[in-house]
Structures are given as structure tokens and as C-alpha cells.
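J.: Let me begin by handing over the structure; questions about it come next.
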Amino acid sequence: MRQPFLTSRLQGFGTTIFTEMTLHAQKYDALNLGQGFPNFDGPDEIKALAAESVGHGYNQYGPMPGLPDLRLAVAEHRKRFYGVEYDPDTEITITHGATEGIHVSLQALCEVGDEVVIFEPFYDSYRACIAMAGAVDRRYTLEAPDFAVDGDRLARLITDKTRAILLNTPHNPTGKVFRRSELELIADLARRHDLIVIADEVYEHLVYTDGSDGSDREAPAHIPIASLPGMRERTVTLSSAGKTFSFTGWKVGWMCAPPELTAALRTAHQFVTFSSGTAFQTAVAAALRLDDAFFTQLVDDYRQRRDFLCRGLESVGFDVIRPDGTYFVLADMRPLGFDDDVELCRVMPQKVQVAAIPPTAFYVNKSAGRHLVRFAFCKSMDLLEEGIRRLSGLSR
Ligand code: PMP
Ligand code: GLN
């Protein structure tokens with residue numbers, strides 16, 4: 001529906017699917033397996049630090065690039081987990097969640113008319129932010145069920161107007177973790193055509209290294225594309241505290257990029273938010289320095305939830321595409337006699353009091369995703385159990 005006051009570049013973006021489906025869930029008192037936020041909080045000691053910071057005067061604007069100690073903690077974290085080094089002063093900027101990082105990157109780096117390659121299904125803010133920058137998206141459709149990348153098909157999307165490739169790995173909503181060989185295809189195109197890569201790595205710690213199909217293919221691992229040869233100098237890496245530490249509401253994120261790119265990013269950032277919650281920044285610095293046991297436990301807990309939800313959905317009759325990463329799972333609804341994700345997601349909260357996300361919200365090419373439905377497993381086991389119990393009513 002055309003909105004009378006909205007600019008033409010934002011026409012059609014409407015209300016985000018997360019808001020729509022959460023409201024729909026509330027209307028029918030449904031369990032929310034739709035919007036990706038945990039129904040539990042992150043570590044108590046990190047919460048206590050945020051509260052202490054509020055008590056100790058961290059209540060005014062922080063520095064525009066972010067608190068120095070948080071920037072240092074981000075640098076230590078990137079080095080500790082991936083061996084990639086960044087200078088906290090000239091190469092790291094704290095944002096209001098990765099959502100701001102995506103917006104700022106596109107505003108700062110794209111001229112009007114530039115093209116940005118994205119992978120479809122795409123996170124919902126990508127196309128809107130590309131449009132706000134006056135740029136144009138070019139889409140590579142990842143085809144279910146394996147979502148593999150074909151180098152020739154990808155190369156055909158590059159034109160003399162291409163400015164950037166916007167990559168998300170681990171990938172929402174498919175749960176795909178891009179393989180080294182696929183990242184090399186992207187890196188090769190970026191180097192050959194002098195492109196920037198914007199790498200959205202918010203699910204960096206949610207990778208299930210046991211693999212998803214029991215075969216002997218390469219075990220999934222999160223590989224930052226900036227760690228590939230010749231890529232650090234052309235990559236903006238985005239991440240945030242939301243997923244790893246289960247504080248999605250704190251909205252603390254970061255952008256890591258070499259000095260000249262960072263200078264451009266900061267020019268936009270200072271006029272978009274200038275800074276983000278100072279007290280939360282102190283706490284996130286401590287969270288990034290948690291010992292390895294925290295990160296191992298996080299994956300173990302999520303693996304258990306993933307396996308439980310996948311098995312449950314299979315028992316209900318869905319064909320499940322087991323994710324290698326993230327806290328989302330896509331399931332094929334056709335064995336249950338449905339074939340339209342929007343209709344199923346409208347009916348489910350009413351019929352069985354469970355809400356999910358219709359993945360076609362992340363597709364322009366709707367036919368590639370309409371047989372799928374996205375469930376989130378960032379929920380406690382008892383809620384997942386209840387969700388499966390309710391979903392079993394679908395097949396009746
Ligand atoms: N990118 C992806 C792929 C996401 O799923 C999300 C989720 N919310 C974001 C970015 C936004 O992150 P944040 O909550 O830190 O703004
Ligand atoms: N990233 C979350 C998801 O994919 C939602 C974030 C939001 O509501 N904006 O479900």
C-alpha cells in the first residue's frame with residue numbers, strides 16, 4: 001500500500017516482518033518462535049556491571065568512536081578468535097547495534113546509483129538501507145536446501161557500477177555458514193573488481209562444528225572474510241553483543257575496518273547516532289573478555305536447542321533444513337500440505353498458538369522461499385517443548 005508521506009525510495013518497505021509477527025503472536029497469546037530474541041538474559045555478572053556503570057556516572061555521551069576500553073576489547077576479541085588485528089584508535093568504531101553498522105556502511109560508502117550485491121534470502125534491513133543510500137541491490141538467490149554459491153552465477157552480477165558485496169555469515173535465515181571455498185569466490189571477485197565487502201558477522205559465535213548432515217564434508221567454521229589474503233584492506237566487518245551475549249536490547253555493535261574506510265564510516269556514524277549507550281559499552285567490554293568456557297557453553301546450549309527443535313519439527317511432519325549456524329531453522333512445510341509461508345504464519349498463531357516468520361519477507365524472488373518457514377530456537381527448552389507440543393496440532 002502506498003504511504004502518502006513516505007519518500008519513493010522507501011515505498012513498499014512497510015512494517016518489518018518482526019514487528020508484524022510479534023504483534024500477531026501477542027494478539028493470539030502465541031509462543032513467539034518468530035522474532036529472534038532470547039527469552040533469557042545474558043550472564044548475571046555482565047548485567048551487574050551495566051547496573052554499576054549507571055551508578056558510577058557512565059550516563060552521558062561517550063566518545064563518538066566508542067569507549068576506548070570497549071574498542072580495545074573488540075580488538076582483543078578479533079585477535080583471540082581469528083588472529084585478525086585491528087587498531088582500536090583508527091580501525092574500530094562502536095555502533096548502536098549492527099543495525100546501525102549496516103546503515104552507516106552503506107551511507108558512507110555508496111554513491112547514488114552504485115550497486116550492492118546481496119545474497120537472497122537477505123536480512124530485512126539490507127534492501128531498505130541500500131535504498132536509503134540511493135544505491136541499487138543486485139541479488140544472488142541461494143537455493144534451498146543447500147544454499148550453495150556458484151562462482152559463475154555470482155560473477156555475472158558484477159557490473160562496472162558494483163561498489164560492494166554485502167555478506168552475512170553465519171546467515172540469517174538459512175543457518176548457512178559460508179565455506180572457505182565460497183568466501184574465496186567472493187574475495188576473488190572483490191579483489192579483481194576492487195570492491196568493498198561489508199561482512200555482517202553477528203552470529204559469529206553460533207556455529208555448530210559437528211556439521212549438520214553427518215557426512216564427512218568440511219566441518220563448518222566461522223571464517224571472517226577479512227582474514228583472507230588481500231581482504232582486510234577492503235572489508236568492513238560488523239558484529240554486535242546482541243546474539244553472543246543474549247542482550248539484544250542493549251544495541252551495542254561494532255565496525256572493524258582499515259583507517260581510510262573507518263574515517264568514512266565515522267563521518268556517517270557521527271551524524272546517525274553519534275554514540276550508543278555508555279553504561280552498556282562498559283559491560284560489553286567485560287563480556288568480550290569472558291573466558292573460552294563461556295563461548296563453548298553458549299554453542300553447547302544452542303546445539304542442544306537446535307537438535308531438540310529440529311527433531312521436534314521433523315516429528316510434526318516438517319522437512320527440516322538443519323542449520324550449521326545462527327539460532328534459526330528453516331523448515332519445508334510441503335509434507336504437511338501447506339505451500340504458502342505467509343498464509344501458514346498467519347494461521348499458526350490462531351490455530352496452534354505458535355508464531356514463526358515467513359521467509360519470503362527476505363526474498364524478492366518469492367517463489368524461492370514460499371514453501372519454507374523460519375523458527376527461532378533462542379528460547380528456553382521448556383518453551384521449545386511447549387512449542388512442539390502445540391505444533392503437533394497442525395497436522396491434525
Ligand atoms: N544482521 C543480522 C543478520 C541479524 O540477524 C540481526 C538481528 N537482529 C542484525 C544484523 C542486527 O543486529 P543488532 O541487533 O545488533 O542491531
Ligand atoms: N534479527 C532478528 C531476527 O532475525 C530480529 C531483529 C529485529 O526485530 N529487528 O529475527
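Numbering starts fresh at 1 for the residues of each chain in the C-alpha cells, the chains themselves are lettered A, B, ... in the order given, and ligands are numbered from 1 as they appear.
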Residues within 7 Å of ligand 2 should be enumerated using only C-alpha atoms and all ligand atoms and returned as a list of chain:residue names.

T.: A:Phe18, A:Thr19, A:Gly34, A:Gln35, A:Gly36, A:Phe37, A:Tyr123, A:Asn172, A:Pro173

J.: To check your reading of the model: which residues sit at most 10 Å from ligand 1 when counting only C-alpha atoms and all ligand atoms? Write the answer as a ChimeraX atom specification.

T.: /A:18,35-37,95-102,122-126,167-173,199-203,238-244,247-254,326-328

J.: With only C-alpha atoms as the counted atoms, please give the residues lying no more than 9 Å from A:Ala257, apart from itself and same-chain residues fewer than 2 positions off, as a PyMOL selection string.

T.: chain A and resi 86+90-93+226+232-237+255+259-262+265

J.: Show which residues sit within 10 Å of A:Arg127, as a PDB file with N, CA and C atoms, in the first residue's frame. Count only C-alpha atoms, and ignore same-chain residues fewer than 5 positions away.

T.:
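Saved result, out13.pdb, follows:
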ATOM      1  N   LEU A  10      11.567   4.646  -0.158  1.00  0.00           N
ATOM      2  CA  LEU A  10      11.186   3.733   0.932  1.00  0.00           C
ATOM      3  C   LEU A  10       9.795   3.132   0.750  1.00  0.00           C
ATOM      4  N   PHE A  13       8.409  -0.731   1.749  1.00  0.00           N
ATOM      5  CA  PHE A  13       9.096  -1.433   2.843  1.00  0.00           C
ATOM      6  C   PHE A  13       8.164  -1.679   4.040  1.00  0.00           C
ATOM      7  N   VAL A 116      24.975  -2.843  -5.077  1.00  0.00           N
ATOM      8  CA  VAL A 116      25.449  -3.645  -3.952  1.00  0.00           C
ATOM      9  C   VAL A 116      24.903  -5.061  -4.134  1.00  0.00           C
ATOM     10  N   ILE A 118      23.813  -8.586  -2.827  1.00  0.00           N
ATOM     11  CA  ILE A 118      23.402  -9.239  -1.578  1.00  0.00           C
ATOM     12  C   ILE A 118      22.951 -10.666  -1.879  1.00  0.00           C
ATOM     13  N   PHE A 122      17.843 -12.311   2.300  1.00  0.00           N
ATOM     14  CA  PHE A 122      18.704 -11.301   2.900  1.00  0.00           C
ATOM     15  C   PHE A 122      18.082 -10.854   4.218  1.00  0.00           C
ATOM     16  N   MET A 132      17.920   3.584   1.059  1.00  0.00           N
ATOM     17  CA  MET A 132      18.109   4.890   1.715  1.00  0.00           C
ATOM     18  C   MET A 132      19.389   5.564   1.237  1.00  0.00           C
ATOM     19  N   ALA A 133      20.370   4.754   0.872  1.00  0.00           N
ATOM     20  CA  ALA A 133      21.638   5.312   0.369  1.00  0.00           C
ATOM     21  C   ALA A 133      21.527   5.708  -1.105  1.00  0.00           C
ATOM     22  N   ALA A 135      21.357   3.616  -3.453  1.00  0.00           N
ATOM     23  CA  ALA A 135      22.038   2.574  -4.225  1.00  0.00           C
ATOM     24  C   ALA A 135      21.013   1.527  -4.688  1.00  0.00           C
ATOM     25  N   VAL A 136      21.507   0.525  -5.398  1.00  0.00           N
ATOM     26  CA  VAL A 136      20.618  -0.454  -6.022  1.00  0.00           C
ATOM     27  C   VAL A 136      21.108  -1.848  -5.624  1.00  0.00           C
ATOM     28  N   ASP A 137      20.178  -2.720  -5.212  1.00  0.00           N
ATOM     29  CA  ASP A 137      20.631  -4.068  -4.836  1.00  0.00           C
ATOM     30  C   ASP A 137      20.592  -5.007  -6.031  1.00  0.00           C
ATOM     31  N   ARG A 138      21.584  -5.885  -6.067  1.00  0.00           N
ATOM     32  CA  ARG A 138      21.625  -6.962  -7.077  1.00  0.00           C
ATOM     33  C   ARG A 138      21.673  -8.250  -6.273  1.00  0.00           C
ATOM     34  N   ARG A 139      20.762  -9.154  -6.567  1.00  0.00           N
ATOM     35  CA  ARG A 139      20.580 -10.288  -5.666  1.00  0.00           C
ATOM     36  C   ARG A 139      21.061 -11.607  -6.244  1.00  0.00           C
ATOM     37  N   PHE A 362      12.238 -12.067   3.280  1.00  0.00           N
ATOM     38  CA  PHE A 362      13.666 -11.892   2.983  1.00  0.00           C
ATOM     39  C   PHE A 362      13.989 -12.196   1.517  1.00  0.00           C
ATOM     40  N   VAL A 364      12.993 -11.232  -2.713  1.00  0.00           N
ATOM     41  CA  VAL A 364      12.233 -10.553  -3.759  1.00  0.00           C
ATOM     42  C   VAL A 364      11.652 -11.631  -4.665  1.00  0.00           C
TER      43      VAL A 364
END

J.: Go through A:Leu330, A:Val84, A:Leu391, A:Ala355 and flag the residue nearest A:His371, using only C-alpha atoms for the distances.

T.: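 Of A:Leu330, A:Val84, A:Leu391, A:Ala355, the one nearest A:His371 is A:Leu330, counting only C-alpha atoms.
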
J.: Could you check which of A:Glu343, A:Gly312, A:Leu185, A:Ser105 is closest to A:Thr267, using only C-alpha atoms?

T.: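 Between A:Glu343, A:Gly312, A:Leu185, A:Ser105, the residue approaching A:Thr267 most closely is A:Ser105.
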
J.: So what do you get for atom CA of A:Pro359 versus atom CA of A:Gly317, distance-wise?

T.: 18.7 Å

J.: DSSP says alpha helix (DSSP H) for which residues of stretch 99-266 of chain A? Put them as a VMD selection string?

T.: chain A and resid 99 to 109 125 to 132 151 to 155 180 to 193 241 to 244 259 to 266
